[in-house]
Amino acid sequence: MTYSHEIRASRRAFLGLLGGGLATAAAVRPAMAEKLQTKARIVMIGAGAAGTALVNRLMDRLEGADITILDPSAEHLYQPGLSLVAAGLKPASYTQSKTTDWLPRQIALVPEAAAAIDPEAKTVSSTGGQTFSYDFLVVAPGLVLDHDAIEGFSLDLVGTQGIGALYAGPKYAAKTWEAASKFTEEGGVGLFTRPGTEMKCAGAPLKHTFLIEDIATRTAGKGKHEMHYAANNQSLFGVPIVSEKVRMLFENRGITPHYSHVLKAVDPGRKLATFTTPEGDAEMAYDYLHVIPPQRAPDVIRQSGLSWADKWTDQGWVEVDKQTLRHLRYPDIFALGDVAGVPKGKTAASVKWQVPVVEDHLVAAIDGREGSASYDGYTSCPLITRVGRAMLIEFDYHNNLTPSFPGVIAPLEELWISWLMKEVALKATYNAMLRGKA
Amino acid sequence: MEQLTLETLIAVFEEIFGRTLFWVMVGAAVVVTLAYIYVLIRDRAMSMRKFLWAQISMPFGAVAAVLFVQVMTHSNFRDIGGPVDVIVLLGVAAMGAIGIAILVYTAQSLFRAVPHD
């Protein structure tokens with residue numbers, strides 16, 4: 001009898017433990033700040049990574065705001081995945097989802113591009129002929145890949161005749177792998193380029209070089225491939241300490257750097273690439289050529305007078321304060337993501353840090369206050385050096401390394417854990433960011 | 001990572017596995033753990049006989065977990081690049097070992113007749 005009594009007592013204790021655990025879990029949920037009541041009209045140009053993340057965060061901050069978001073693209077692209085697609089590690093579909101999957105239902109998505117912005121009258125007109133008045137405007141349309149700037153190149157060539165161009169989107173990233181995998185099997189001369197303009201993720205040209213070298217060496221064996229990397233200036237990466245590390249890795253892997261070589265023209269028939277260099281044009285033969293075109297702000301930005309007048313004049317990035325991302329001449333305009341005229345930060349990781357800053361200043365402005373958040377140029381690049389290894393490089397405006405896990409994940413060390421982050425955790429973090437959760 | 005809270009972490013894991021699969025897995029882990037605590041309390045003792053089987057299964061769980069992670073992430077043992085990688089590898093192995101030990105122990109306790117001594 002005593003025995004069964006003890007069992008009952010223990011069961012009660014067990015249930016008590018379970019109940020206590022659940023109560024604790026419920027108690028630690030973070031409290032939500034109260035929403036700001038407003039009738040403000042907010043127009044957002046672009047429902048990419050930046051626009052989507054911001055609109056989802058604003059949903060938690062504002063009550064009654066009239067938010068309109070313009071984006072002609074029905075497809076949302078997870079662009080950090082394109083490097084993996086172009087190395088045959090993920091299918092094109094890995095990067096594709098629907099724009100509407102990520103947007104809150106309460107806001108109006110206009111499936112049109114912005115055709116004109118009038119910052120004086122505070123209106124945006126769309127390609128479909130609609131006009132939207134705003135109290136605040138967030139400009140986040142991304143950037144334009146200027147493929148026509150490279151003579152002899154067209155997107156039809158991608159995947160054929162040894163030409164790749166992974167930036168052009170999921171379809172072209174997959175075609176890039178078709179051309180690259182042929183090169184890895186057959187051997188020959190591989191030529192990897194980057195543009196002379198500002199660009200999305202300056203690590204991606206290096207990643208593609210490292211990945212194709214690694215796969216080539218594993219597939220056909222050592223000694224069958226000659227690898228060349230054409231840098232646009234005298235460094236291999238904007239952050240000097242990282243550039244030096246990449247130089248050492250290149251030396252170790254037998255990849256020859258060519259400094260101040262900017263791709264100008266391609267002759268696919270003769271498999272010749274022409275580069276602009278300080279000593280005049282230089283021709284190089286290739287069996288595989290990776291093209292990344294010059295990148296610029298969309299025409300609508302450049303035509304509306306929002307661009308810097310004295311900086312990046314051939315590219316047209318929006319003239320914003322680099323700490324607040326607020327327009328220097330029109331305080332009711334913010335720019336986010338690729339289009340923002342700041343020295344670094346054309347990556348999804350930058351967007352993740354920029355969005356809360358714009359959110360802070362925008363909500364404060366609606367409330368008649370000044371915001372206090374500041375963006376210091378944080379950019380992150382899991383720089384893949386092999387299939388299975390990467391360096392988790394994080395830095396700011398001052399070219400300082402800003403490791404998230406100091407003492408645990410060394411930024412300049414090729415590590416498996418950094419690869420795991422890129423392969424497994426990054427898309428998840430990105431998606432959480434889109435939903436405004438990270 | 002700017003805001004690494006529990007909520008962010010849950011959101012990340014939901015995205016990795018999909019919301020349904022993640023919570024099914026959490027549910028399964030919770031059920032197995034609760035079942036394990038339940039049999040411990042019910043039996044008022046660890047059965048060394050069952051624990052022996054659980055221990056024997058541990059290396060298999062460890063190896064299976066490591067291989068599963070490597071296959072899922074296009075990785076290989078040659079990718080181990082520093083101390084933190086060894087720690088991650090051992091961590092994965094340890095989770096696999098402990099997970100299967102608890103599972104084997106609990107399964108035996110629940111499904112084998114309790115010996116009356």
# chains A, B, ... in the order shown; residues from 1 in each chain; ligands from 1
$ interface_residues --of "chain B" --to "chain A" --cutoff "10 Å" --atoms "only C-alpha atoms" --output "ChimeraX atom specification"
/B:1-18,34,37-38,41-44,69-70,72-89
$ write_last_selection --atoms "C-alpha atoms" --output "short mmCIF file (atom, residue, chain, number, x, y, z; two decimals), in the first residue's frame"
data_model
loop_
_atom_site.label_atom_id
_atom_site.label_comp_id
_atom_site.auth_asym_id
_atom_site.auth_seq_id
_atom_site.Cartn_x
_atom_site.Cartn_y
_atom_site.Cartn_z
CA MET B 1 23.38 38.92 -35.28
CA GLU B 2 21.83 42.02 -33.80
CA GLN B 3 18.89 40.69 -31.85
CA LEU B 4 19.52 37.13 -30.79
CA THR B 5 16.51 36.48 -28.58
CA LEU B 6 14.64 33.25 -27.94
CA GLU B 7 11.95 34.45 -30.32
CA THR B 8 14.51 35.01 -33.12
CA LEU B 9 16.00 31.60 -32.50
CA ILE B 10 12.60 29.92 -32.68
CA ALA B 11 11.80 31.84 -35.87
CA VAL B 12 15.10 30.67 -37.38
CA PHE B 13 14.46 27.04 -36.52
CA GLU B 14 10.90 27.30 -37.84
CA GLU B 15 12.36 28.49 -41.13
CA ILE B 16 15.01 25.74 -41.26
CA PHE B 17 12.61 22.85 -40.86
CA GLY B 18 9.29 24.44 -41.71
CA LEU B 34 8.70 13.39 -20.49
CA ILE B 37 11.25 11.22 -16.68
CA TYR B 38 7.98 9.36 -16.19
CA ILE B 41 9.86 8.24 -11.45
CA ARG B 42 7.64 5.21 -11.93
CA ASP B 43 10.47 2.72 -11.50
CA ARG B 44 12.19 4.76 -8.78
CA VAL B 69 24.45 16.53 -40.69
CA GLN B 70 27.26 16.03 -43.22
CA MET B 72 22.42 17.46 -45.31
CA THR B 73 25.12 20.15 -45.65
CA HIS B 74 27.47 18.85 -48.43
CA SER B 75 30.24 18.53 -45.86
CA ASN B 76 33.02 16.10 -45.07
CA PHE B 77 35.46 15.40 -42.24
CA ARG B 78 38.14 17.24 -44.25
CA ASP B 79 36.20 20.50 -43.76
CA ILE B 80 37.08 20.63 -40.07
CA GLY B 81 39.13 23.82 -39.95
CA GLY B 82 39.59 24.79 -36.32
CA PRO B 83 38.82 23.99 -32.68
CA VAL B 84 35.28 25.31 -32.88
CA ASP B 85 34.56 22.85 -35.71
CA VAL B 86 35.73 19.95 -33.56
CA ILE B 87 33.47 21.21 -30.78
CA VAL B 88 30.51 21.39 -33.20
CA LEU B 89 31.27 17.89 -34.47
#
$ select_by_dssp --residues "region 99-279 of chain A" --states "alpha helix (DSSP H)" --output "ChimeraX atom specification"
/A:99-102,170-186,204-220,240-253
$ closest_residue --among "B:Ala94, B:Ala62, B:Met48, B:Phe68" --to "Gln108 (chain B)" --atoms "only C-alpha atoms"
B:Met48
$ closest_residue --among "A:Ala204, A:Ile333, A:Val144, A:Ile366" --to "Arg296 (chain A)" --atoms "only C-alpha atoms"
A:Val144
$ atom_distance --atom1 "CA of Ile56 (chain B)" --atom2 "CA of Met25 (chain B)"
24.3 Å
$ atom_distance --atom1 "CA of Glu120 (chain A)" --atom2 "CA of Ser307 (chain A)"
14.7 Å
